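Structure data follow from upload-v8.tsv (TSV, C-alpha atoms):
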chain	number	residue	atom	x	y	z
X	915	MET	CA	40.39	73.00	38.44
X	916	SER	CA	38.76	74.59	41.43
X	917	ILE	CA	38.99	73.37	44.99
X	918	ASN	CA	36.67	74.33	47.79
X	919	ARG	CA	37.64	75.19	51.33
X	920	ARG	CA	36.58	71.83	52.75
X	921	GLU	CA	38.61	69.84	50.26
X	922	PHE	CA	41.64	72.03	50.74
X	923	LEU	CA	41.59	71.53	54.53
X	924	LYS	CA	41.20	67.77	54.12
X	925	LEU	CA	44.14	67.63	51.74
X	926	ALA	CA	46.29	69.83	54.01
X	927	GLY	CA	45.49	67.72	57.06
X	928	PHE	CA	46.22	64.49	55.25
X	929	SER	CA	49.57	65.68	53.91
X	930	THR	CA	50.60	66.96	57.34
X	931	VAL	CA	49.94	63.56	58.91
X	932	LEU	CA	51.78	61.83	56.09
X	933	GLY	CA	54.70	64.21	56.41
X	934	LEU	CA	55.05	63.77	60.15
X	935	THR	CA	54.73	60.00	60.28
X	936	GLY	CA	56.66	59.57	57.05
X	937	SER	CA	59.75	61.24	58.44
X	938	SER	CA	59.71	59.16	61.60
X	939	VAL	CA	59.44	55.97	59.55
X	940	ILE	CA	62.43	57.01	57.49
X	941	ASP	CA	64.37	57.93	60.64
X	942	GLU	CA	63.60	54.52	62.08
X	943	LEU	CA	64.88	52.81	58.95
X	944	LEU	CA	68.06	54.90	58.88
X	945	LYS	CA	68.95	54.21	62.48
X	946	SER	CA	72.51	53.02	62.52
X	947	LYS	CA	73.76	49.99	64.35
X	948	ALA	CA	75.31	51.96	67.18
X	949	ASP	CA	72.01	53.56	68.11
X	950	ALA	CA	70.66	50.14	68.94
X	951	SER	CA	73.30	49.85	71.65
X	952	GLN	CA	73.19	51.69	74.91
X	953	VAL	CA	75.17	52.80	77.91
X	954	LEU	CA	74.84	51.65	81.48
X	955	LEU	CA	76.21	52.48	84.87
X	956	ASP	CA	78.70	50.00	86.25
X	957	GLU	CA	76.94	47.71	88.71
X	958	LYS	CA	79.66	48.40	91.26
X	959	ALA	CA	79.45	52.19	90.84
X	960	LEU	CA	78.85	54.22	93.98
X	961	SER	CA	75.92	56.56	93.59
X	962	ALA	CA	74.41	59.29	95.71
X	963	LYS	CA	72.16	62.28	95.55
X	964	ARG	CA	74.66	64.58	97.24
X	965	TRP	CA	78.28	63.59	97.68
X	966	ALA	CA	80.09	65.34	100.50
X	967	MET	CA	83.35	65.14	102.39
X	968	ILE	CA	84.13	65.69	106.04
X	969	ILE	CA	87.67	66.56	107.04
X	970	ASP	CA	88.46	65.54	110.59
X	971	THR	CA	91.39	67.86	111.18
X	972	SER	CA	92.27	66.19	114.48
X	973	LYS	CA	93.35	63.08	112.57
X	974	PHE	CA	96.02	64.99	110.70
X	975	LYS	CA	98.98	65.26	112.99
X	976	THR	CA	102.22	64.99	111.09
X	977	GLU	CA	103.40	66.41	107.81
X	978	GLU	CA	103.33	62.86	106.47
X	979	ASP	CA	99.56	62.65	106.98
X	980	TYR	CA	99.01	65.57	104.64
X	981	LYS	CA	101.64	64.46	102.18
X	982	ASN	CA	100.15	60.97	101.79
X	983	VAL	CA	96.74	62.35	100.94
X	984	ILE	CA	98.00	65.01	98.52
X	985	GLN	CA	100.42	62.59	96.90
X	986	ALA	CA	97.68	59.97	96.44
X	987	CYS	CA	95.53	62.45	94.55
X	988	HIS	CA	98.18	64.18	92.50
X	989	SER	CA	99.93	61.01	91.40
X	990	ILE	CA	96.87	59.20	90.07
X	991	HIS	CA	95.49	62.27	88.35
X	992	ASN	CA	98.75	63.27	86.66
X	993	VAL	CA	98.85	66.64	88.39
X	994	PRO	CA	102.13	68.35	87.49
X	995	ASP	CA	104.54	69.66	90.11
X	996	ILE	CA	105.80	72.80	88.44
X	997	GLY	CA	107.53	74.09	91.52
X	998	ASN	CA	106.71	77.78	91.40
X	999	PRO	CA	103.59	79.29	92.96
X	1000	LYS	CA	102.70	81.32	89.88
X	1001	ASP	CA	102.23	78.31	87.60
X	1002	GLU	CA	101.18	75.92	90.37
X	1003	VAL	CA	98.50	73.32	89.62
X	1004	LYS	CA	96.74	71.80	92.62
X	1005	TRP	CA	93.72	69.63	93.33
X	1006	ILE	CA	94.20	69.25	97.06
X	1007	TRP	CA	96.54	71.38	99.15
X	1008	THR	CA	96.96	73.02	102.55
X	1009	ASP	CA	96.74	76.49	104.01
X	1010	THR	CA	96.59	78.15	107.42
X	1011	TYR	CA	93.49	78.53	109.61
X	1012	GLU	CA	93.41	82.26	108.93
X	1013	HIS	CA	93.30	81.72	105.17
X	1014	THR	CA	90.97	78.74	105.31
X	1015	PHE	CA	88.33	80.34	107.51
X	1016	PRO	CA	88.73	84.08	107.01
X	1017	GLY	CA	86.72	86.07	109.52
X	1018	GLN	CA	86.75	83.25	112.04
X	1019	GLU	CA	90.22	83.89	113.42
X	1020	ASN	CA	91.01	85.66	116.66
X	1021	GLU	CA	94.08	86.32	118.67
X	1022	TYR	CA	93.50	83.65	121.28
X	1023	ILE	CA	92.73	80.49	119.35
X	1024	PRO	CA	94.88	77.54	120.41
X	1025	GLU	CA	98.39	77.58	118.99
X	1026	GLY	CA	97.81	74.07	117.70
X	1027	ILE	CA	95.09	75.38	115.42
X	1028	LYS	CA	96.60	78.74	114.55
X	1029	HIS	CA	99.60	77.13	112.91
X	1030	LYS	CA	98.01	73.92	111.78
X	1031	PRO	CA	97.72	73.32	108.03
X	1032	PHE	CA	94.17	72.67	106.80
X	1033	LEU	CA	93.43	70.50	103.80
X	1034	LEU	CA	91.72	72.36	100.99
X	1035	LEU	CA	90.04	71.09	97.86
X	1036	CYS	CA	87.14	71.95	95.59
X	1037	ASN	CA	84.06	72.34	97.79
X	1038	HIS	CA	81.66	70.94	95.19
X	1039	CYS	CA	79.17	73.63	96.13
X	1040	ASP	CA	75.43	73.15	95.91
X	1041	ASN	CA	75.23	76.49	94.22
X	1042	PRO	CA	78.51	76.64	92.30
X	1043	PRO	CA	79.40	80.07	90.92
X	1044	CYS	CA	81.98	78.51	88.59
X	1045	VAL	CA	79.22	76.59	86.79
X	1046	ARG	CA	77.13	79.71	86.42
X	1047	VAL	CA	79.87	81.67	84.69
X	1048	CYS	CA	81.28	78.97	82.41
X	1049	PRO	CA	80.44	80.02	78.85
X	1050	THR	CA	80.84	76.55	77.34
X	1051	LYS	CA	79.38	74.40	80.12
X	1052	ALA	CA	82.80	72.80	80.43
X	1053	THR	CA	82.23	72.84	84.15
X	1054	PHE	CA	78.86	71.54	85.23
X	1055	LYS	CA	77.09	70.03	88.20
X	1056	ARG	CA	76.29	66.34	88.04
X	1057	LYS	CA	73.12	64.87	89.47
X	1058	ASP	CA	75.10	63.48	92.40
X	1059	GLY	CA	76.36	66.97	93.31
X	1060	ILE	CA	79.87	66.67	91.89
X	1061	VAL	CA	81.04	69.81	90.15
X	1062	MET	CA	82.70	68.25	87.11
X	1063	MET	CA	85.19	69.51	84.56
X	1064	ASP	CA	84.89	68.48	80.92
X	1065	GLN	CA	88.35	69.27	79.60
X	1066	HIS	CA	87.15	68.70	76.05
X	1067	ARG	CA	85.08	71.85	76.25
X	1068	CYS	CA	87.31	74.13	78.30
X	1069	ILE	CA	88.45	77.15	76.30
X	1070	GLY	CA	90.67	78.50	79.07
X	1071	CYS	CA	88.78	81.76	79.65
X	1072	ARG	CA	89.33	81.45	83.43
X	1073	PHE	CA	85.94	82.94	84.33
X	1074	CYS	CA	85.49	79.99	86.70
X	1075	MET	CA	88.73	80.86	88.48
X	1076	ALA	CA	87.52	84.39	89.03
X	1077	ALA	CA	84.14	83.10	90.22
X	1078	CYS	CA	85.40	80.45	92.64
X	1079	PRO	CA	85.59	81.97	96.14
X	1080	PHE	CA	87.86	79.16	97.34
X	1081	GLY	CA	90.72	79.30	94.85
X	1082	ALA	CA	90.09	75.67	94.04
X	1083	ARG	CA	90.92	75.96	90.36
X	1084	SER	CA	94.28	75.99	88.62
X	1085	PHE	CA	95.13	77.11	85.13
X	1086	ASN	CA	97.65	75.33	82.96
X	1087	TRP	CA	99.89	78.22	81.98
X	1088	ARG	CA	102.27	75.81	80.31
X	1089	ASP	CA	102.31	72.25	79.02
X	1090	PRO	CA	102.03	70.14	82.19
X	1091	ARG	CA	103.50	66.97	80.67
X	1092	PRO	CA	107.19	67.61	81.41
X	1093	PHE	CA	106.35	68.31	85.06
X	1094	ILE	CA	104.56	65.06	85.78
X	1095	LYS	CA	107.08	62.90	87.57
X	1096	GLU	CA	105.41	59.56	87.04
X	1097	THR	CA	102.44	59.42	84.73
X	1098	ASN	CA	99.49	57.21	85.49
X	1099	PRO	CA	98.64	55.63	82.13
X	1100	GLU	CA	95.05	55.05	83.20
X	1101	TYR	CA	94.15	58.73	83.56
X	1102	PRO	CA	94.65	61.57	81.09
X	1103	SER	CA	96.85	64.57	81.73
X	1104	ARG	CA	95.73	68.06	80.82
X	1105	THR	CA	96.99	70.37	78.15
X	1106	LYS	CA	98.22	73.93	78.10
X	1107	GLY	CA	95.37	76.42	78.39
X	1108	VAL	CA	92.74	74.53	80.38
X	1109	VAL	CA	91.54	74.87	83.96
X	1110	GLU	CA	91.54	71.87	86.28
X	1111	LYS	CA	90.46	70.95	89.80
X	1112	CYS	CA	89.35	68.12	92.05
X	1113	THR	CA	86.51	65.99	90.66
X	1114	PHE	CA	85.79	63.96	93.83
X	1115	CYS	CA	87.41	61.08	91.89
X	1116	PHE	CA	84.40	60.58	89.62
X	1117	GLU	CA	86.37	57.93	87.73
X	1118	ARG	CA	86.92	55.93	90.92
X	1119	LEU	CA	83.32	56.27	92.09
X	1120	ALA	CA	82.24	54.85	88.73
X	1121	LYS	CA	84.29	51.74	89.55
X	1122	GLY	CA	82.97	51.47	93.08
X	1123	LEU	CA	86.03	52.93	94.78
X	1124	GLN	CA	86.22	55.73	97.33
X	1125	PRO	CA	88.16	58.86	96.35
X	1126	ALA	CA	91.92	58.35	96.46
X	1127	CYS	CA	92.49	60.89	99.24
X	1128	VAL	CA	89.84	59.27	101.45
X	1129	GLU	CA	91.45	55.88	100.97
X	1130	LYS	CA	94.86	57.18	102.10
X	1131	SER	CA	93.63	59.35	104.99
X	1132	ASN	CA	93.37	56.73	107.77
X	1133	GLY	CA	89.91	57.95	108.67
X	1134	GLY	CA	90.76	61.63	108.50
X	1135	LEU	CA	88.52	62.11	105.51
X	1136	ILE	CA	84.96	60.82	105.47
X	1137	PHE	CA	83.09	60.60	102.20
X	1138	GLY	CA	79.39	59.93	101.84
X	1139	ASP	CA	75.92	60.81	100.70
X	1140	LEU	CA	74.32	63.79	102.47
X	1141	SER	CA	70.85	62.83	101.31
X	1142	ASP	CA	71.03	59.45	103.03
X	1143	PRO	CA	70.47	59.80	106.80
X	1144	LYS	CA	72.11	56.43	107.38
X	1145	SER	CA	75.32	57.30	105.56
X	1146	GLU	CA	78.60	57.56	107.41
X	1147	ALA	CA	78.86	61.23	106.46
X	1148	ARG	CA	75.51	62.07	108.03
X	1149	LYS	CA	76.37	60.11	111.17
X	1150	VAL	CA	79.58	62.07	111.60
X	1151	LEU	CA	77.83	65.37	110.90
X	1152	SER	CA	75.13	64.65	113.46
X	1153	THR	CA	77.61	63.82	116.21
X	1154	HIS	CA	80.32	66.42	115.58
X	1155	TYR	CA	80.21	70.17	115.30
X	1156	THR	CA	81.45	71.10	111.84
X	1157	ILE	CA	82.15	74.32	109.98
X	1158	ARG	CA	82.41	75.11	106.29
X	1159	ARG	CA	84.49	77.63	104.39
X	1160	LYS	CA	82.91	81.04	103.74
X	1161	PRO	CA	79.32	79.95	104.39
X	1162	GLU	CA	78.17	83.58	104.26
X	1163	ILE	CA	78.63	83.64	100.48
X	1164	GLY	CA	75.80	81.15	100.10
X	1165	THR	CA	77.45	78.67	97.75
X	1166	GLN	CA	76.68	75.82	100.18
X	1167	PRO	CA	80.00	73.96	100.15
X	1168	SER	CA	79.93	70.18	100.51
X	1169	VAL	CA	83.23	69.97	102.36
X	1170	TYR	CA	82.85	70.09	106.15
X	1171	TYR	CA	85.59	70.55	108.74
X	1172	ILE	CA	85.77	69.12	112.24
X	1173	ILE	CA	88.20	71.45	113.99
X	1174	GLY	CA	90.60	69.81	116.39
X	1175	THR	CA	94.29	69.81	117.12
X	1176	GLY	CA	94.49	66.08	117.63
X	1177	GLY	CA	95.45	66.26	121.32
X	1178	ASN	CA	98.59	68.13	120.44
X	1179	GLU	CA	97.48	71.40	122.02
X	1180	ASN	CA	100.94	72.76	122.76
X	1181	ALA	CA	102.52	71.92	119.48
J	22	MET	CA	100.57	91.75	21.75
J	23	TYR	CA	103.92	93.22	22.70
J	24	ASP	CA	106.52	90.59	23.58
J	25	GLY	CA	104.00	87.86	22.90
J	26	GLY	CA	106.61	85.18	22.54
J	27	LYS	CA	108.14	85.94	25.93
J	28	ILE	CA	104.76	86.04	27.66
J	29	ILE	CA	103.61	82.75	26.17
J	30	ALA	CA	106.94	81.10	26.94
J	31	GLY	CA	106.77	82.43	30.52
J	32	LEU	CA	103.20	81.22	30.96
J	33	THR	CA	104.12	77.79	29.63
J	34	ILE	CA	107.02	77.48	32.06
J	35	PHE	CA	104.84	78.73	34.93
J	36	LEU	CA	102.10	76.18	34.13
J	37	ALA	CA	104.61	73.39	33.79
J	38	VAL	CA	106.12	74.16	37.21
J	39	VAL	CA	102.74	74.53	38.92
J	40	THR	CA	101.22	71.36	37.49
J	41	PHE	CA	104.39	69.31	37.83
J	42	PRO	CA	103.39	67.52	41.06
J	43	ILE	CA	100.00	66.57	39.63
J	44	LEU	CA	101.40	65.40	36.31
J	45	TYR	CA	104.30	63.59	37.92
J	46	ASN	CA	102.03	61.53	40.19
J	47	MET	CA	99.31	60.91	37.61
J	48	GLY	CA	98.41	57.28	37.21
J	49	LYS	CA	100.67	56.19	40.03
J	50	PRO	CA	98.78	54.51	42.84
J	51	SER	CA	99.47	56.23	46.15
J	52	ALA	CA	100.24	53.98	49.08
J	53	VAL	CA	97.04	53.06	50.87
J	54	PRO	CA	97.54	53.21	54.63
J	55	GLU	CA	97.30	49.89	56.38
J	56	PRO	CA	96.72	50.24	60.08
J	57	LYS	CA	98.47	47.42	61.89
J	58	LEU	CA	96.33	45.22	64.10
J	59	ASN	CA	99.17	42.99	65.14
J	60	THR	CA	99.75	43.87	68.79
J	61	PRO	CA	100.54	41.34	71.53
J	62	GLU	CA	97.28	42.29	73.26
J	63	ILE	CA	95.21	41.55	70.17
J	64	GLN	CA	97.12	38.31	69.54
J	65	GLN	CA	96.09	37.11	72.97
J	66	LEU	CA	92.39	37.71	72.34
J	67	GLN	CA	90.37	34.58	71.72
J	68	GLU	CA	87.89	36.42	69.53
J	69	LYS	CA	89.51	39.19	67.56
J	70	HIS	CA	86.63	41.63	67.53
J	71	CYS	CA	86.50	45.34	68.28
J	72	VAL	CA	83.64	46.93	70.23
J	73	GLU	CA	81.65	47.08	66.99
J	74	SER	CA	82.19	45.51	63.57
J	75	LYS	CA	85.29	46.37	61.58
J	76	GLU	CA	83.28	48.17	58.91
J	77	TYR	CA	81.37	50.18	61.48
J	78	MET	CA	84.52	51.16	63.32
J	79	ARG	CA	86.29	52.14	60.13
J	80	ALA	CA	83.48	54.47	59.12
J	81	ASN	CA	82.20	55.69	62.47
J	82	HIS	CA	84.93	55.43	65.11
J	83	MET	CA	85.02	59.20	65.46
J	84	GLN	CA	81.30	59.40	66.23
J	85	LEU	CA	81.59	56.47	68.60
J	86	LEU	CA	84.46	58.15	70.43
J	87	ASN	CA	82.47	61.36	70.60
J	88	ASP	CA	79.53	59.51	72.16
J	89	TRP	CA	81.82	57.65	74.53
J	90	ARG	CA	83.35	60.91	75.69
J	91	ASP	CA	79.96	62.46	76.45
J	92	TRP	CA	78.62	59.35	78.14
J	93	ALA	CA	81.68	58.98	80.36
J	94	VAL	CA	82.43	62.59	81.21
J	95	ARG	CA	79.03	64.25	81.14
J	96	ASP	CA	76.65	61.42	82.05
J	97	GLY	CA	79.08	59.43	84.18
J	98	LYS	CA	78.06	56.20	82.49
J	99	ARG	CA	80.98	53.94	81.83
J	100	VAL	CA	79.58	50.69	80.47
J	101	TYR	CA	78.95	50.44	76.74
J	102	VAL	CA	76.63	47.74	75.46
J	103	ASN	CA	77.39	47.03	71.82
J	104	SER	CA	75.03	45.85	69.10
J	105	GLU	CA	75.65	42.24	70.11
J	106	GLY	CA	74.88	42.91	73.77
J	107	LYS	CA	78.48	42.70	74.95
J	108	HIS	CA	79.71	45.06	77.66
J	109	PHE	CA	82.79	47.27	77.41
J	110	THR	CA	84.27	49.87	79.74
J	111	ILE	CA	84.09	53.29	78.14
J	112	SER	CA	87.66	54.55	78.16
J	113	LEU	CA	90.00	55.63	75.40
J	114	GLN	CA	93.17	54.97	77.37
J	115	ASN	CA	92.07	51.80	79.13
J	116	THR	CA	89.86	50.09	76.57
J	117	CYS	CA	90.75	51.25	73.03
J	118	MET	CA	94.44	51.69	73.58
J	119	HIS	CA	94.71	48.58	75.69
J	120	CYS	CA	94.28	46.46	72.56
J	121	HIS	CA	95.54	49.02	70.05
J	122	SER	CA	98.76	49.59	71.93
J	123	ASN	CA	100.45	50.72	68.72
J	124	LYS	CA	99.25	54.27	68.20
J	125	LYS	CA	101.93	55.04	65.63
J	126	GLU	CA	101.07	52.09	63.44
J	127	PHE	CA	97.32	52.14	64.04
J	128	CYS	CA	95.88	55.60	64.65
J	129	ASP	CA	98.59	57.66	63.02
J	130	ARG	CA	98.81	55.71	59.77
J	131	CYS	CA	95.39	56.76	58.50
J	132	HIS	CA	95.32	60.09	60.26
J	133	THR	CA	98.58	61.11	58.62
J	134	TYR	CA	97.37	59.88	55.24
J	135	ALA	CA	94.07	61.76	55.56
J	136	ASN	CA	95.87	64.76	57.06
J	137	VAL	CA	93.55	64.90	60.05
J	138	LYS	CA	94.97	65.94	63.39
J	139	PRO	CA	92.72	64.81	66.20
J	140	TYR	CA	93.74	66.51	69.44
J	141	CYS	CA	93.04	63.48	71.64
J	142	TRP	CA	96.70	63.10	72.52
J	143	SER	CA	97.34	66.56	73.85
J	144	CYS	CA	95.70	65.31	77.07
J	145	HIS	CA	95.17	61.56	76.72
J	146	LEU	CA	98.30	59.54	77.20
J	147	ALA	CA	99.28	57.27	74.36
J	148	PRO	CA	100.49	53.83	75.39
J	149	LYS	CA	104.24	53.43	75.64
J	150	GLU	CA	105.30	51.94	72.34
J	151	LYS	CA	107.46	48.88	72.47
J	152	GLU	CA	110.36	48.90	70.06
J	153	THR	CA	109.99	46.04	67.64

Give the structure from this file in structure tokens form.
Amino acid sequence: MSINRREFLKLAGFSTVLGLTGSSVIDELLKSKADASQVLLDEKALSAKRWAMIIDTSKFKTEEDYKNVIQACHSIHNVPDIGNPKDEVKWIWTDTYEHTFPGQENEYIPEGIKHKPFLLLCNHCDNPPCVRVCPTKATFKRKDGIVMMDQHRCIGCRFCMAACPFGARSFNWRDPRPFIKETNPEYPSRTKGVVEKCTFCFERLAKGLQPACVEKSNGGLIFGDLSDPKSEARKVLSTHYTIRRKPEIGTQPSVYYIIGTGGNENA
Amino acid sequence: MYDGGKIIAGLTIFLAVVTFPILYNMGKPSAVPEPKLNTPEIQQLQEKHCVESKEYMRANHMQLLNDWRDWAVRDGKRVYVNSEGKHFTISLQNTCMHCHSNKKEFCDRCHTYANVKPYCWSCHLAPKEKET
């Protein structure tokens, strides 16, 4: 049986169409029940194009002010208190002016600032180096600007820790469970061998709540959307002079600092 | 064959020892795991229905959990709409384990039987089991 060129092309074209549509029909029929369902955002969820935090350092006066904020975060996120700096795990912590803003210090800055602790946390950079180096995409940038950790994917290579210029990441050198004083049953802990850090309370934002530290800060921490000119964060930024940590590196941190001693100049 | 008798006797003993567990259990029904659904939280439910049908959950809970994990952690979406249009919060600790507060008698029964070791619980906190 011979077949000419024209007939062959017709046949080939016809079988291609059949093959393509045929498979999609079969796929449609095989669709399981769960595929028919879908996922939604909670109606109450807070959303933004660029989440950011402003730390008004003048509002932090006593040791209690810092403690409340750190405790609020660490207790709800099951952050262990291991008690030695080598194995330390931290999401939000404090350090001196010199260490917080290296290169900005001089001999004559007010005493109240020189020895004042500054709150530090993940800066949720616009251009996060930790995300660029992560080989498994365990750390990634969400559409709302939050630099997220997916503990399910973390292989503990610690590239992100080397990449982060702010030391915002902690590695679980040991099982954290025994070091969690009171576990919060609503949030997971971590396991040995993964890296963790602040997530801007993504789980609270999804429920329509502000981050835990902001809630406990008595106005010392302001959280809001940078892309919205009417947001509280933008209002504060437009009326106060703020600085960011290591801006020269170009990671564009989303945590801003209003520097002030809180009227306690001679402390 | 040199020492044929000894070799054959040795082989017979070896085979008997190796196949003993199989032969011993042959024909005996092994205990089928029965995950317990009888928790106080489930008892209080008006309609005793999981997020999807029992058959679907039995066969596909691992895929569902996988999807839930990606939706919650990677997409930030926390509301699951099931095939009947009902809404559920996507959370292993707060939704699944709220009703199934008996990990040992629910999750572990089948997982032990099937010898699968899901690593959910190295991070996720299992509910505190009440002594019954």

- If we count only C-alpha atoms, which residues of chain X reach to within 8 Å of chain J? Please list them as a PyMOL selection string. chain X and resi 947-948+950-956+1056+1064+1099-1105+1116+1120

Residues within 10 Å of Phe1137 in chain X, only C-alpha atoms, excluding chain neighbours under 6 positions, as a PDB file with C-alpha atoms, in the coordinates of the input:
ATOM      1  CA  TRP X 965      78.280  63.590  97.680  1.00  0.00           C
ATOM      2  CA  ALA X 966      80.090  65.340 100.500  1.00  0.00           C
ATOM      3  CA  MET X 967      83.350  65.140 102.390  1.00  0.00           C
ATOM      4  CA  ILE X 968      84.130  65.690 106.040  1.00  0.00           C
ATOM      5  CA  ILE X 969      87.670  66.560 107.040  1.00  0.00           C
ATOM      6  CA  PHE X1114      85.790  63.960  93.830  1.00  0.00           C
ATOM      7  CA  GLN X1124      86.220  55.730  97.330  1.00  0.00           C
ATOM      8  CA  PRO X1125      88.160  58.860  96.350  1.00  0.00           C
ATOM      9  CA  CYS X1127      92.490  60.890  99.240  1.00  0.00           C
ATOM     10  CA  VAL X1128      89.840  59.270 101.450  1.00  0.00           C
ATOM     11  CA  GLU X1129      91.450  55.880 100.970  1.00  0.00           C
ATOM     12  CA  SER X1145      75.320  57.300 105.560  1.00  0.00           C
ATOM     13  CA  GLU X1146      78.600  57.560 107.410  1.00  0.00           C
ATOM     14  CA  ALA X1147      78.860  61.230 106.460  1.00  0.00           C
ATOM     15  CA  ARG X1148      75.510  62.070 108.030  1.00  0.00           C
ATOM     16  CA  VAL X1169      83.230  69.970 102.360  1.00  0.00           C
TER      17      VAL X1169
END

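Take the candidates X:Thr1010, X:Ser1168, X:Ser937, X:Thr1097 and check each one against Glu1025 in chain X using all atoms listed in the file; the shortest distance goes to X:Thr1010.
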
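CA of Tyr45 in chain J lies 16.4 Å from CA of Thr33 in chain J.
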
- Message: Using Å and a single decimal, report how far CA of Arg130 in chain J sits from CA of Ile43 in chain J.
- Response: 22.9 Å
